Amino acid sequence: MSRSPAPFGRRAAKIVARETLGAYVVIRASDPGGPVPRPGQFYMLQAAERWGGGEGERPFLPRAFSVLRMIGSPPTPELHFLIEDVGPGTNRLCELEAGEELLLVGPLGNGFEAPREGRGALLVGGGVGIAPLAIWQDELDASTPALLGFRDAEHAVGAGLMANASVATDDGSVGHHGLVTDLLEEQLDARGDELEVYACGPPAMLEAVRATCVRHAVPAQLALESGMACGFGACFGCVVPTVDGYVRLCLEGPVLDAERLVGAAAFAGTGAGH
Amino acid sequence: MSRSPAPFGRRAAKIVARETLGAYVVIRASDPGGPVPRPGQFYMLQAAERWGGGEGERPFLPRAFSVLRMIGSPPTPELHFLIEDVGPGTNRLCELEAGEELLLVGPLGNGFEAPREGRGALLVGGGVGIAPLAIWQDELDASTPALLGFRDAEHAVGAGLMANASVATDDGSVGHHGLVTDLLEEQLDARGDELEVYACGPPAMLEAVRATCVRHAVPAQLALESGMACGFGACFGCVVPTVDGYVRLCLEGPVLDAERLVGAAAFAGTGAGH
Amino acid sequence: MSVEFCGLELVHPIINASGTFDAIAAGRAFGEELIERFPFAAFVSKTVTLQPRQGNPPPRLWELAGGLINSIGLPNQGLRGYLQHDLPELARLPVPLIVNVMGSSRDQVAELVAAFGERAEVAALELNVSCPNVETGLLMGADPAEIAALLDRVRPLTSKPLIVKLTPNATDVPAVARAAQGAGADAVSLINTLRGMALDPRTGRPWLGGVTGGVSGAAVRAVALAQVHAVAQAVEIPIVGMGGVASGADALDLMRAGATLVAVGTESFRDPAAGLRVASELAELAANSAV
Amino acid sequence: MSVEFCGLELVHPIINASGTFDAIAAGRAFGEELIERFPFAAFVSKTVTLQPRQGNPPPRLWELAGGLINSIGLPNQGLRGYLQHDLPELARLPVPLIVNVMGSSRDQVAELVAAFGERAEVAALELNVSCPNVETGLLMGADPAEIAALLDRVRPLTSKPLIVKLTPNATDVPAVARAAQGAGADAVSLINTLRGMALDPRTGRPWLGGVTGGVSGAAVRAVALAQVHAVAQAVEIPIVGMGGVASGADALDLMRAGATLVAVGTESFRDPAAGLRVASELAELAANSAV
Ligand SMILES: Cc1cc2nc3c(=O)[nH]c(=O)nc-3n(C[C@H](O)[C@H](O)[C@H](O)COP(=O)(O)OP(=O)(O)OC[C@H]3O[C@@H](n4cnc5c(N)ncnc54)[C@H](O)[C@@H]3O)c2cc1C
Ligand SMILES: Cc1cc2nc3c(=O)[nH]c(=O)nc-3n(C[C@H](O)[C@H](O)[C@H](O)COP(=O)(O)OP(=O)(O)OC[C@H]3O[C@@H](n4cnc5c(N)ncnc54)[C@H](O)[C@@H]3O)c2cc1C
Ligand SMILES: Cc1cc2nc3c(=O)[nH]c(=O)nc-3n(C[C@H](O)[C@H](O)[C@H](O)COP(=O)(O)O)c2cc1C
Ligand SMILES: Cc1cc2nc3c(=O)[nH]c(=O)nc-3n(C[C@H](O)[C@H](O)[C@H](O)COP(=O)(O)O)c2cc1C
Ligand code: FES
Ligand code: FES
């Protein structure tokens with residue numbers, strides 16, 4: 001299992017910078033003494049100030065975010081997160097200014113496993129789901145190919161976070177006009193037996209990736225999402241159905257082997273679709 | 001009854017400026033089209049953004065504040081409030097920056113009545129309780145004498161808001177070393193039969209003023225405080241005991257004739273002592 | 001979004017929760033504009049009892065994260081005072097008047113129902129049963145048999161609509177609602193406040209003069225929705241849903257769960273015209289979705 | 001601030017609320033540091049039932065202003081699985097283990113109590129009675145007679161402390177607590193979650209896979225305080241207070257209202273080490289005031 005244990009408890013991390021990247025925001029937080037996360041692991045984040053209240057009342061719980069990248073090395077590493085503003089929690093996190101404090105718990109969950117013997121990685125990302133793929137590509141090799149799907153040009157700016165990327169957009173404004181799974185289909189047709197797929201993205205895309213990989217008998221590791229309250233196995237709220245029954249995604253995932261998943265149902269109850 | 005009716009509902013008022021005044025903050029909000037308040041009336045205030053939530057969770061309800069002053073005239077008057085940071089609501093209000101929005105309801109309650117035939121006003125204030133006296137002095141005459149009590153020099157800076165003021169401080173750092181009621185006692189001894197007292201301040205001070213005035217048979221109008229949820233008679237939460245039983249302070253007050261009050265009990269349950 | 005409720009034609013489905021809006025006092029604060037822009041489609045009075053009550057000693061309020069505990073203690077002028085002073089003034093409101101009454105015995109409730117039942121100014125009655133019956137010692141609104149006995153006693157006394165305001169502090173609220181329906185209630189309303197408490201941090205003693213109080217506001221919203229939903233499965237009579245409503249979306253939730261009308265309570269303290277806002281937000285949402 | 005509870009010596013009065021901390025999972029997330037800085041003075045297991053349960057279909061969580069609705073549905077490996085897998089691991093914790101059990105009949109509860117009663121690793125048992133008795137149809141924890149009958153059945157089966165975890169969704173919680181005490185319970189714990197619900201704003205249908213769920217967190221704090229206070233007037237046995245505790249001040253409130261121990265639940269989701277923080281804040285407050 002690819003897991004780096006987290007320091008126990010929630011710690012404060014200072015925001016070093018915030019950058020707008022098309023439709024996304026990248027926040028950088030310094031995490032002195034924090035462990036080096038494994039690609040695919042995530043953190044539970046909340047702003048130290050103004051987390052909840054006001055007219056919208058929420059958020060109350062922390063929110064889960066894949067680590068996008070770790071820059072620098074212990075003892076003063078900087079964690080990067082890629083955030084899409086979809087609700088009250090992400091909205092507040094996107095507003096964080098340099099100097100403000102983030103409360104974080106992590107790294108949590110299981111990250112990606114190295115490709116099986118004889119196979120090379122193929123990264124497939126949709127929208128903000130590219131985050132865990134970026135750090136994975138950092139570790140693997142910048143030449144690892146990435147197929148990235150976005151809604152439109154504003155979102156496709158996110159592709160700049162990765163090397164060697166082929167882009168698809170829903171509206172055709174950048175790259176291939178269509179779905180990222182069209183690109184995947186091509187790759188698997190051409191050289192499926194050399195590849196292991198690593199994918200993260202919205203539920204419908206992940207389900208399409210899963211079905212495509214099953215059809216081509218290509219192994220795939222999927223980074224899923226589900227609504228989480230705790231992130232460390234305490235609440236049993238984040239379960240997804242697998243061949244072994246419900247499993248806690250924060251503990252057994254967020255990266256799960258495609259074989260363990262039972263089709264579209266696994267992506268149905270995530271609660272947090274982008 | 002000295003009452004200017006309020007527009008129905010809560011309206012947004014832009015913060016024009018915030019000024020620090022010793023231990024206090026003055027916020028100025030523009031209230032286009034708002035009515036001219038009577039001195040002694042109050043407003044229910046809440047910040048449009050960030051009202052509640054975060055670690056402290058509160059505030060949830062609006063907070064009551066006497067109007068300190070109205071500058072300019074309809075249709076673009078500016079309302080001033082004098083605020084002491086004593087808890088989560090006042091804390092947030094003290095942070096308001098120019099350009100932010102205040103939600104307000106008011107003016108509410110009954111203000112001061114003109115002095116009885118043959119008497120002149122004597123203003124007696126304690127701490128942030130000087131607020132309603134300032135606007136009352138504006139209306140009466142700048143030569144109306146004011147006796148003002150403060151904790152220390154930092155708080156006594158507030159006396160600058162009024163004209164013709166004699167100051168007492170608990171620590172003797174400014175003016176008379178002792179209670180403002182020492183000054184009141186002197187005045188009533190000297191010329192009680194010419195005076196009507198107008199007082200606002202913390203519960204213990206108001207009770208001392210009340211008792212002193214009763215002893216000297218001098219009429220007094222006291223601006224009280226109590227914990228309020230609504231400010232317009234809806235909740236029955238703000239009652240104070242009077243000779244006629246409990247009355248809603250937001251409706252029958254906040255200015256009450258000293259004769260209507262039944263001693264210290266009237267000031268005991270205010271919940272919001274400063 | 002006009003709506004029919006127990007034979008009353010209301011211009012929209014938003015009314016006030018009893019005890020959270022005093023139309024007479026609001027008239028003093030806001031003048032004629034209150035009447036011109038009256039925020040509720042019907043006006044529900046604060047609870048009226050047979051004898052006058054002073055209410056609980058202050059402090060009566062404690063603020064929570066997203067809510068409020070009140071221990072007001074039902075101050076009111078009593079039946080006679082209400083008939084004399086309040087009723088004539090409230091009759092001038094541009095909307096139907098629903099009078100909320102409470103007694104601590106069936107006879108007391110019967111006297112109140114009979115008295116208001118014969119007044120033309122009163123469109124309907126709401127029975128506040130969050131009170132123990134002094135004869136049986138049981139909380140009237142917590143026990144189906146007790147509710148049935150109460151309705152048996154008072155139902156024959158008036159042909160006006162009788163709304164039973166259920167207490168949420170009960171094991172089986174749907175069973176109580178069913179009993180009310182079975183014994184002739186025209187509607188039920190819920191939720192009343194949840195029993196809550198706060199201590200003075202400085203002394204460790206109860207903050208509220210009444211020791212405990214009732215929790216209302218956003219903090220009770222999810223509980224209200226669950227109870228309205230459960231009661232809607234149990235009865236066919238219309239439901240007035242309330243508890244933490246602060247927006248049209250909250251009102252829509254309660255209606256989707258089965259409420260015909262929605263009452264706004266605590267939110268009026270934060271925004272006196274909340275009723276108008278909720279009604280217009282609701283109309284907008286309803287236009288975009290199937291209720 | 002060490003404290004004695006039903007014969008157990010605890011290093012401080014803060015424990016976890018059942019189902020809100022999985023020490024085994026947390027060990028995987030946080031490694032050895034969890035054991036070195038274990039946040040609770042005793043560890044309470046998630047509810048164990050006789051047969052394994054998968055729990056409710058997702059989604060299982062809905063966030064509120066200051067709280068959470070969960071419809072987890074008590075997933076667990078069942079008695080056999082628990083004895084085989086969890087018990088040996090939990091026995092390694094540096095604190096006493098309290099096993100929380102639930103059955104849907106007296107016989108089922110009896111079987112669980114008997115099985116855990118003979119295990120040396122188990123310091124005490126907590127009975128989760130927020131469940132209808134399939135034989136009588138009554139919510140076990142809502143009815144004093146039902147609770148007395150349950151205790152009569154299971155009390156003789158073990159000499160270990162029995163803690164009855166009361167349901168807050170009942171008319172007269174103190175009466176149930178009194179019945180538990182009368183029938184030999186060593187302690188009571190409260191509150192469990194309040195019944196609540198949320199609708200999916202897009203569809204208007206229930207959001208939670210389990211349709212309704214339980215409300216916890218800050219939103220229930222005032223209700224918890226009122227119930228602990230009321231139960232403390234009714235019984236002499238010790239009380240474990242819980243419901244929305246997020247700080248030492250909240251814990252102090254519950255202790256002032258009569259609790260001997262305080263459990264932290266939902267706050268651990270926001271801060272995994274909340275137990276430690278609450279315990280140290282409480283110690284500081286207690287040093288400055290008379291509890
Ligand atoms: C392991 C993991 C990694 C992730 N990584 C990233 C990442 O790198 N970048 C990123 O931007 N996002 C990531 N996410 C998703 C992110 O956690 C969510 O977008 C975020 O939690 C949304 O919070 P919010 O408050 O902004 O929106 P919410 O209001 O919480 O809305 C999100 C969704 O939750 C549901 N919802 C709405 N209201 C409620 C409610 N009251 N209670 C419960 N659910 C509700 C709806 O389905 C809604 O679409 C990740 C999620 C997981 C589990
Ligand atoms: C008519 C009127 C006029 C006023 N004019 C002014 C003015 O001009 N300037 C000014 O600075 N102040 C004024 N006040 C006082 C002001 O309203 C209070 O200071 C303010 O409400 C405090 O809010 P807070 O959130 O800052 O503090 P809070 O936390 O509300 O603390 C204030 C007091 O409330 C009590 N309290 C603590 N917690 C709670 C709780 N959870 N629920 C209920 N009560 C609690 C305590 O006694 C505490 O001392 C006036 C009050 C009234 C009624
Ligand atoms: C200050 C206050 C006073 C109340 N007085 C009464 C009352 O007199 N009679 C009654 O039946 N309900 C009374 N209630 C309960 C409300 O009518 C309503 O049931 C409850 O507050 C829930 O709605 P809300 O969350 O919108 O406030 C009162 C509530 C509050 C907050
Ligand atoms: C996600 C979750 C799961 C829970 N599971 C259980 C359980 O298995 N058994 C039980 O007795 N109580 C369970 N509870 C109730 C808690 O133990 C506690 O009584 C309640 O949450 C109130 O405390 P809090 O507000 O601090 O969370 C659960 C609560 C939550 C939030
Ligand atoms: S998020 Fe709580 S168990 Fe996974
Ligand atoms: S503050 Fe609500 S009645 Fe006075």
# chains A, B, ... in the order shown; residues from 1 in each chain; ligands from 1
call {"tool": "select_by_dssp", "arguments": {"residues": "range 45-247 of chain C", "states": "helix (DSSP H, G or I)", "output": "number ranges by chain"}}
result
C: 78-90, 106-117, 140-142, 144-157, 173-182, 218-234
call {"tool": "interface_residues", "arguments": {"of": "chain D", "to": "chain A", "cutoff": "7 Å", "atoms": "only C-alpha atoms", "output": "list of chain:residue names"}}
result
D:Gly19, D:Thr20, D:Phe21, D:Asp22, D:Ala25, D:Ala26, D:Ala29, D:Phe30, D:Gly31, D:Glu33, D:Leu34, D:Gln54, D:Pro58, D:Pro59, D:Arg60, D:Leu61, D:Glu63, D:Leu64, D:Ala65, D:Gly66, D:Gly67, D:Ile72, D:Phe269, D:Arg270, D:Asp271, D:Pro272, D:Ala273
call {"tool": "select_by_dssp", "arguments": {"residues": "range 101-197 of chain C", "states": "strand (DSSP E or B)", "output": "PDB file with C-alpha atoms, in the first residue's frame"}}
result
ATOM      1  CA  VAL C 101     -54.386  29.092  22.677  1.00  0.00           C
ATOM      2  CA  VAL C 122     -60.966  34.746  14.189  1.00  0.00           C
ATOM      3  CA  ALA C 123     -60.424  32.609  11.098  1.00  0.00           C
ATOM      4  CA  ALA C 124     -58.948  29.557  12.800  1.00  0.00           C
ATOM      5  CA  LEU C 125     -57.568  28.310  16.107  1.00  0.00           C
ATOM      6  CA  GLU C 126     -54.218  26.757  16.845  1.00  0.00           C
ATOM      7  CA  LEU C 127     -53.943  24.607  19.969  1.00  0.00           C
ATOM      8  CA  ASN C 128     -50.538  24.798  21.635  1.00  0.00           C
ATOM      9  CA  PRO C 132     -48.615  19.179  30.815  1.00  0.00           C
ATOM     10  CA  LEU C 139     -47.639  16.376  28.374  1.00  0.00           C
ATOM     11  CA  LEU C 162     -58.614  23.618  14.583  1.00  0.00           C
ATOM     12  CA  ILE C 163     -54.861  23.307  14.070  1.00  0.00           C
ATOM     13  CA  VAL C 164     -52.990  21.203  16.613  1.00  0.00           C
ATOM     14  CA  LYS C 165     -49.454  22.463  17.206  1.00  0.00           C
ATOM     15  CA  ALA C 187     -54.554  20.490  10.469  1.00  0.00           C
ATOM     16  CA  VAL C 188     -51.384  20.025  12.461  1.00  0.00           C
ATOM     17  CA  SER C 189     -48.458  22.413  12.813  1.00  0.00           C
ATOM     18  CA  LEU C 190     -44.890  21.564  13.790  1.00  0.00           C
ATOM     19  CA  LEU C 194     -36.790  21.655  21.196  1.00  0.00           C
ATOM     20  CA  ARG C 195     -36.046  21.626  24.903  1.00  0.00           C
ATOM     21  CA  GLY C 196     -32.618  23.180  25.442  1.00  0.00           C
ATOM     22  CA  MET C 197     -30.474  24.823  28.071  1.00  0.00           C
TER      23      MET C 197
END
call {"tool": "residues_around", "arguments": {"residues": "Leu123 in chain A", "least_positions_apart": "2", "cutoff": "8 Å", "atoms": "only C-alpha atoms", "output": "mmCIF file with all heavy atoms, in the first residue's frame"}}
result
data_model
loop_
_atom_site.group_PDB
_atom_site.id
_atom_site.type_symbol
_atom_site.label_atom_id
_atom_site.label_comp_id
_atom_site.auth_asym_id
_atom_site.auth_seq_id
_atom_site.Cartn_x
_atom_site.Cartn_y
_atom_site.Cartn_z
ATOM 1 N N ALA A 121 2.966 3.767 -17.259
ATOM 2 C CA ALA A 121 1.789 4.509 -16.806
ATOM 3 C C ALA A 121 1.182 5.362 -17.918
ATOM 4 O O ALA A 121 1.910 5.966 -18.710
ATOM 5 C CB ALA A 121 2.163 5.399 -15.630
ATOM 6 N N GLY A 125 -6.931 12.272 -16.846
ATOM 7 C CA GLY A 125 -7.524 13.179 -15.865
ATOM 8 C C GLY A 125 -8.668 13.976 -16.437
ATOM 9 O O GLY A 125 -8.695 14.299 -17.627
ATOM 10 N N LEU A 133 -2.655 13.396 -10.431
ATOM 11 C CA LEU A 133 -1.846 12.910 -11.551
ATOM 12 C C LEU A 133 -0.574 13.737 -11.716
ATOM 13 O O LEU A 133 0.458 13.235 -12.150
ATOM 14 C CB LEU A 133 -2.670 12.929 -12.836
ATOM 15 C CG LEU A 133 -3.975 12.127 -12.774
ATOM 16 C CD1 LEU A 133 -4.749 12.267 -14.074
ATOM 17 C CD2 LEU A 133 -3.699 10.661 -12.446
ATOM 18 N N THR A 144 5.921 10.696 -18.912
ATOM 19 C CA THR A 144 4.733 9.856 -18.801
ATOM 20 C C THR A 144 3.561 10.564 -19.480
ATOM 21 O O THR A 144 3.251 11.706 -19.141
ATOM 22 C CB THR A 144 4.394 9.615 -17.314
ATOM 23 O OG1 THR A 144 5.562 9.152 -16.646
ATOM 24 C CG2 THR A 144 3.262 8.606 -17.169
ATOM 25 N N PRO A 145 2.912 9.916 -20.441
ATOM 26 C CA PRO A 145 1.857 10.608 -21.176
ATOM 27 C C PRO A 145 0.609 10.855 -20.325
ATOM 28 O O PRO A 145 0.258 10.027 -19.475
ATOM 29 C CB PRO A 145 1.546 9.656 -22.339
ATOM 30 C CG PRO A 145 1.986 8.307 -21.866
ATOM 31 C CD PRO A 145 3.138 8.534 -20.936
ATOM 32 N N ALA A 146 -0.006 11.982 -20.580
ATOM 33 C CA ALA A 146 -1.228 12.345 -19.839
ATOM 34 C C ALA A 146 -2.320 12.745 -20.824
ATOM 35 O O ALA A 146 -2.068 13.525 -21.747
ATOM 36 C CB ALA A 146 -0.938 13.491 -18.880
ATOM 37 N N LEU A 147 -3.505 12.188 -20.645
ATOM 38 C CA LEU A 147 -4.679 12.562 -21.443
ATOM 39 C C LEU A 147 -5.611 13.329 -20.521
ATOM 40 O O LEU A 147 -6.046 12.806 -19.491
ATOM 41 C CB LEU A 147 -5.392 11.299 -21.957
ATOM 42 C CG LEU A 147 -4.490 10.227 -22.574
ATOM 43 C CD1 LEU A 147 -5.321 9.014 -22.974
ATOM 44 C CD2 LEU A 147 -3.719 10.798 -23.757
ATOM 45 N N VAL A 197 -3.397 2.184 -16.485
ATOM 46 C CA VAL A 197 -4.062 3.484 -16.496
ATOM 47 C C VAL A 197 -4.214 4.018 -15.062
ATOM 48 O O VAL A 197 -4.561 3.266 -14.141
ATOM 49 C CB VAL A 197 -5.442 3.380 -17.189
ATOM 50 C CG1 VAL A 197 -6.281 4.624 -16.953
ATOM 51 C CG2 VAL A 197 -5.247 3.138 -18.683
ATOM 52 N N TYR A 198 -3.952 5.320 -14.902
ATOM 53 C CA TYR A 198 -4.154 6.023 -13.630
ATOM 54 C C TYR A 198 -5.122 7.151 -13.913
ATOM 55 O O TYR A 198 -4.823 8.018 -14.742
ATOM 56 C CB TYR A 198 -2.828 6.590 -13.123
ATOM 57 C CG TYR A 198 -1.851 5.497 -12.783
ATOM 58 C CD1 TYR A 198 -1.054 4.923 -13.769
ATOM 59 C CD2 TYR A 198 -1.765 5.023 -11.478
ATOM 60 C CE1 TYR A 198 -0.181 3.893 -13.463
ATOM 61 C CE2 TYR A 198 -0.889 3.987 -11.169
ATOM 62 C CZ TYR A 198 -0.104 3.432 -12.151
ATOM 63 O OH TYR A 198 0.743 2.406 -11.845
ATOM 64 N N ALA A 199 -6.272 7.129 -13.275
ATOM 65 C CA ALA A 199 -7.293 8.105 -13.655
ATOM 66 C C ALA A 199 -7.919 8.784 -12.449
ATOM 67 O O ALA A 199 -8.059 8.198 -11.365
ATOM 68 C CB ALA A 199 -8.391 7.442 -14.478
#
call {"tool": "residues_near_ligand", "arguments": {"ligand": "ligand 3", "cutoff": "7 Å", "atoms": "only C-alpha atoms and all ligand atoms", "output": "PyMOL selection string"}}
result
(chain B and resi 235-237) or (chain C and resi 17-20+46-47+68+70+72+74+100+128+165+190-193+216-218+220-221+242-245+263-267)
call {"tool": "residues_around", "arguments": {"residues": "Val218 in chain A", "least_positions_apart": "4", "cutoff": "7 Å", "atoms": "only C-alpha atoms", "output": "list of chain:residue names"}}
result
A:Gly192, A:Asp193, A:Leu195, A:Glu196, A:Cys213, A:Val214
call {"tool": "residues_near_ligand", "arguments": {"ligand": "ligand 1", "cutoff": "7 Å", "atoms": "only C-alpha atoms and all ligand atoms", "output": "ChimeraX atom specification"}}
result
/A:42,59,63-68,81-91,128-129,131-132,224-228,250,254,271-274 /D:61-64
call {"tool": "closest_residue", "arguments": {"among": "D:Ile24, D:Ala149, D:Ala222, D:Ala177", "to": "ligand 2", "atoms": "only C-alpha atoms and all ligand atoms"}}
result
D:Ala222
call {"tool": "interface_residues", "arguments": {"of": "chain D", "to": "chain C", "cutoff": "9 Å", "atoms": "only C-alpha atoms", "output": "ChimeraX atom specification"}}
result
/D:64-67,69,139,142-143,168-172,194-206,212-215,218-227,229,249,252-253,256-257,289-291
call {"tool": "closest_residue", "arguments": {"among": "B:His216, B:Val157, B:Ser173, B:Gly253", "to": "ligand 6", "atoms": "only C-alpha atoms and all ligand atoms"}}
result
B:Gly253
